Amino acid sequence: MDKETKRQALPIIHLNNPKDLDFLKIPEDGFSAASDSEKENLIEKRKSISYWRDAWRRFRSNKVAMAALIVFLVIVVFAFVGPLIVPYSYESQYRNSAKLGPMEYSKSEEMEQAVLEEADAVFFTETIMGSLLSLSKGDYYIEQNNTTYCFTLEKALEKAMIIYDKDAADILTIGRTKDYKNGEFTTVTPLEYTVGEPAPDATEVELIKSVFPHVFGTDSAGRDIMSRSMYGTRVSLIIGIVAALIVLVIGAAIGAISGLCGGVVDFVIMRIIDLIISIPSTLMVLLLQVVISEPLQKWFDTSNWGLARAMSDLGAGIVSIFIVFALLYWVSMARIVRGQVLQLKSMEFITAEKVLGAGNKRIITRHLLPNCVGQLVIATCLQIPSAIFMESFLSYLGIGVAAPMASLGSMCSDALSALSLYPYRLLCPAIILSVLVLTLNLIGDGLRDALDPRLKK
């Protein structure tokens, strides 16, 4: 019997009353709870996991990428937590501690260490931050153990140490450098003080209880290299991340518009991209940096706008770096997003959205860009080391981060003048910069392998 004959042989049922469907109802006793033995037979072969959890699982299996991530986190802690531990600022200058090697102490710091073996805290005029090596006459106060000690200097105090010893008969004494022999002061003078509220114009004298070592040494201006390396690493990381986010936003938006609209819009955008790529990037960066910096600084100095004041704190060098990235470095991101959009826009769910009346904005933000998130994350992570290297390159040439702000590139540039005598000044920031860029590249490669579904194992 062929299919047509079978179709004609099927009975035709006419339902004039909905109650005729009662035979489809499931009886109440049609189901019963599964027994324990039946449950044990239901074995879950593989637990369902999300896309991001699966990507994290595959990223963890990449030992090189995980090691790079751990090193990168150590560098982040070094840059952002380290300055809270090290008592030296990136711009603090100590005249008597200039040109020290790694883990070296100046003679003044060695004297402080010797005195601190017997006393609780000291203040030495020869280790004052800045160009002065004395306390001028005036009112001062010291805060120790919830007690305020107030005193007045009738004349400047120089080449002397204020010693605090809570167990001594005279809690505060003054020792002169000329009286320091064989590791101790032969004569000390009691400091006249009062306990209570300090005078309105009194200045606090901060005592130290231990001398923190200069782990990386100091430069010719007496600035601690480790603290400058910490701050320089922080500046380089912030610039790299912010620049990569700027490139992400601009490149993703332009690439999605170009791929979705097509036609004349796509043609014009791609020709602009080809024009930007055809220009030597290093030359354009240098020219833009030189041209933009001076007008930016002038705008910061003359404008009363809140944004100008906020940007002036960063400095014209950093802001001009952001502008350079916004103008030039979005082209690679735009090409990546455009290629992904061209693959996605012909799929059925995009066609369904267009049929339902969705606009281009909704299609881009709700469908195209979310489906490109893997490539966007990879490209952004690989853009960060490029931005860090470009900032370091510009600072090395002296047109990036302006003094006294430090970056790894500017520190390398400052160290060149005395490379043969003090090679550690160049090695410390250069090693940190190299390791930072290397770890970010390895993390980017690991993310590429983890987020690309074609590389699933």
# chains A, B, ... in the order shown; residues from 1 in each chain; ligands from 1

$ select_by_dssp --residues "range 70-263 of chain A" --states "alpha helix (DSSP H)" --output "ChimeraX atom specification"
/A:70-80,82-85,107-116,225-261,263

$ residues_around --residues "Ala119 in chain A" --least-positions-apart "4" --cutoff "8 Å" --atoms "only C-alpha atoms" --output "JSON, numbers by chain"
{"A": [115, 163, 164, 165]}

$ closest_residue --among "A:Ile75, A:Cys381, A:Arg335, A:Ala243" --to "Ile431 in chain A" --atoms "only C-alpha atoms"
A:Ile75

$ residues_around --residues "range 266-271 of chain A" --least-positions-apart "6" --cutoff "8 Å" --atoms "only C-alpha atoms" --output "list of chain:residue names"
A:Ile254, A:Ile257, A:Ser258, A:Gly259

$ write_last_selection --atoms "N, CA and C atoms" --output "compact mmCIF listing (two decimals), in the first residue's frame"
# COMPACT_ATOMS: atom_id res chain seq x y z
N ILE A 254 33.23 51.12 16.02
CA ILE A 254 33.43 51.37 14.59
C ILE A 254 33.40 50.07 13.80
N ILE A 257 29.73 48.81 13.49
CA ILE A 257 28.97 49.63 12.54
C ILE A 257 29.38 49.32 11.11
N SER A 258 30.68 49.20 10.88
CA SER A 258 31.17 48.91 9.54
C SER A 258 30.68 47.56 9.04
N GLY A 259 30.76 46.53 9.89
CA GLY A 259 30.35 45.20 9.46
C GLY A 259 28.86 45.07 9.27

$ closest_residue --among "A:Ala358, A:Ala98, A:Leu369, A:Val324" --to "Leu342 in chain A" --atoms "only C-alpha atoms"
A:Leu369

$ residues_around --residues "Met129 in chain A" --least-positions-apart "3" --cutoff "12 Å" --atoms "only C-alpha atoms" --output "list of chain:residue names"
A:Pro87, A:Tyr88, A:Ser89, A:Tyr90, A:Glu91, A:Ser92, A:Gln93, A:Tyr94, A:Arg95, A:Asn96, A:Ser97, A:Ala98, A:Phe123, A:Phe124, A:Thr125, A:Glu126, A:Leu132, A:Leu133, A:Ser134, A:Leu135, A:Glu206, A:Ala221, A:Gly222, A:Arg223, A:Asp224

$ residues_around --residues "Pro102 in chain A" --least-positions-apart "3" --cutoff "10 Å" --atoms "only C-alpha atoms" --output "CSV table (one decimal) with C-alpha atoms, in the first residue's frame"
chain,number,residue,atom,x,y,z
A,99,LYS,CA,74.0,57.1,45.1
A,105,TYR,CA,72.8,52.5,54.2
A,213,PRO,CA,66.6,49.7,53.7
A,214,HIS,CA,66.9,51.0,50.2
A,215,VAL,CA,66.4,47.6,48.6
A,216,PHE,CA,67.1,48.8,45.0
A,217,GLY,CA,69.4,51.6,46.1
A,218,THR,CA,69.0,55.3,45.4
A,224,ASP,CA,64.6,55.5,46.6
A,225,ILE,CA,64.6,53.4,43.4
A,226,MET,CA,62.3,50.7,44.7
A,424,TYR,CA,71.4,48.6,38.9
A,425,ARG,CA,69.5,51.9,38.2

$ decode --residues "range 90-177 of chain A" --atoms "C-alpha atoms" --output "tab-separated table (two decimals), in the first residue's frame"
chain	number	residue	atom	x	y	z
A	90	TYR	CA	58.64	58.36	44.62
A	91	GLU	CA	59.55	62.07	44.77
A	92	SER	CA	61.23	62.16	48.19
A	93	GLN	CA	64.87	63.29	48.03
A	94	TYR	CA	67.36	62.56	50.80
A	95	ARG	CA	70.61	64.43	50.24
A	96	ASN	CA	72.71	62.25	52.54
A	97	SER	CA	71.40	59.04	50.96
A	98	ALA	CA	72.30	59.71	47.32
A	99	LYS	CA	73.99	57.13	45.08
A	100	LEU	CA	73.51	54.19	47.42
A	101	GLY	CA	73.71	50.65	46.09
A	102	PRO	CA	71.10	47.95	46.72
A	103	MET	CA	70.60	47.30	50.48
A	104	GLU	CA	73.18	49.97	51.41
A	105	TYR	CA	72.79	52.54	54.18
A	106	SER	CA	74.24	56.03	54.39
A	107	LYS	CA	76.44	57.02	57.35
A	108	SER	CA	73.54	59.02	58.80
A	109	GLU	CA	71.22	55.99	58.57
A	110	GLU	CA	73.86	53.77	60.18
A	111	MET	CA	74.06	56.25	63.04
A	112	GLU	CA	70.28	56.12	63.42
A	113	GLN	CA	70.36	52.32	63.51
A	114	ALA	CA	73.00	52.33	66.24
A	115	VAL	CA	71.03	54.77	68.40
A	116	LEU	CA	67.76	52.89	67.87
A	117	GLU	CA	69.30	49.80	69.47
A	118	GLU	CA	69.03	51.66	72.82
A	119	ALA	CA	66.26	54.22	72.19
A	120	ASP	CA	62.62	53.83	71.15
A	121	ALA	CA	62.53	56.43	68.34
A	122	VAL	CA	64.69	59.16	66.88
A	123	PHE	CA	64.63	62.15	64.55
A	124	PHE	CA	67.86	63.03	62.74
A	125	THR	CA	68.23	66.39	60.99
A	126	GLU	CA	70.64	64.91	58.43
A	127	THR	CA	67.97	62.51	57.11
A	128	ILE	CA	65.27	65.14	56.60
A	129	MET	CA	63.51	64.83	53.26
A	130	GLY	CA	64.37	67.65	50.88
A	131	SER	CA	67.25	70.08	50.54
A	132	LEU	CA	67.29	71.38	54.14
A	133	LEU	CA	69.28	69.59	56.82
A	134	SER	CA	68.00	71.44	59.87
A	135	LEU	CA	64.90	72.40	61.84
A	136	SER	CA	64.34	76.17	61.73
A	137	LYS	CA	63.36	78.02	64.87
A	138	GLY	CA	59.69	77.84	65.81
A	139	ASP	CA	57.09	75.70	67.57
A	140	TYR	CA	57.04	71.91	67.16
A	141	TYR	CA	55.34	68.89	68.70
A	142	ILE	CA	55.91	65.13	68.83
A	143	GLU	CA	53.18	62.47	69.06
A	144	GLN	CA	54.28	59.29	70.90
A	145	ASN	CA	52.23	56.74	72.88
A	146	ASN	CA	49.10	58.94	72.86
A	147	THR	CA	51.07	61.82	74.38
A	148	THR	CA	51.81	65.15	72.73
A	149	TYR	CA	55.16	66.71	73.56
A	150	CYS	CA	55.40	70.40	72.62
A	151	PHE	CA	58.66	72.34	72.40
A	152	THR	CA	60.04	75.54	70.94
A	153	LEU	CA	63.38	76.05	69.19
A	154	GLU	CA	64.97	79.46	69.76
A	155	LYS	CA	67.45	78.82	66.98
A	156	ALA	CA	67.83	76.33	64.12
A	157	LEU	CA	68.65	72.77	65.07
A	158	GLU	CA	71.19	71.15	62.76
A	159	LYS	CA	73.57	68.19	62.86
A	160	ALA	CA	71.65	66.86	65.83
A	161	MET	CA	69.35	63.98	66.74
A	162	ILE	CA	66.21	64.10	68.89
A	163	ILE	CA	66.11	60.87	70.91
A	164	TYR	CA	62.91	59.47	72.47
A	165	ASP	CA	63.33	56.91	75.26
A	166	LYS	CA	60.20	56.33	77.33
A	167	ASP	CA	62.10	54.47	80.08
A	168	ALA	CA	64.81	57.10	80.58
A	169	ALA	CA	64.78	59.88	83.16
A	170	ASP	CA	64.75	62.41	80.33
A	171	ILE	CA	62.26	61.12	77.78
A	172	LEU	CA	63.38	63.55	75.04
A	173	THR	CA	67.02	64.44	74.59
A	174	ILE	CA	69.19	66.04	71.91
A	175	GLY	CA	72.44	64.47	70.75
A	176	ARG	CA	74.91	66.43	68.62
A	177	THR	CA	76.75	64.78	65.75
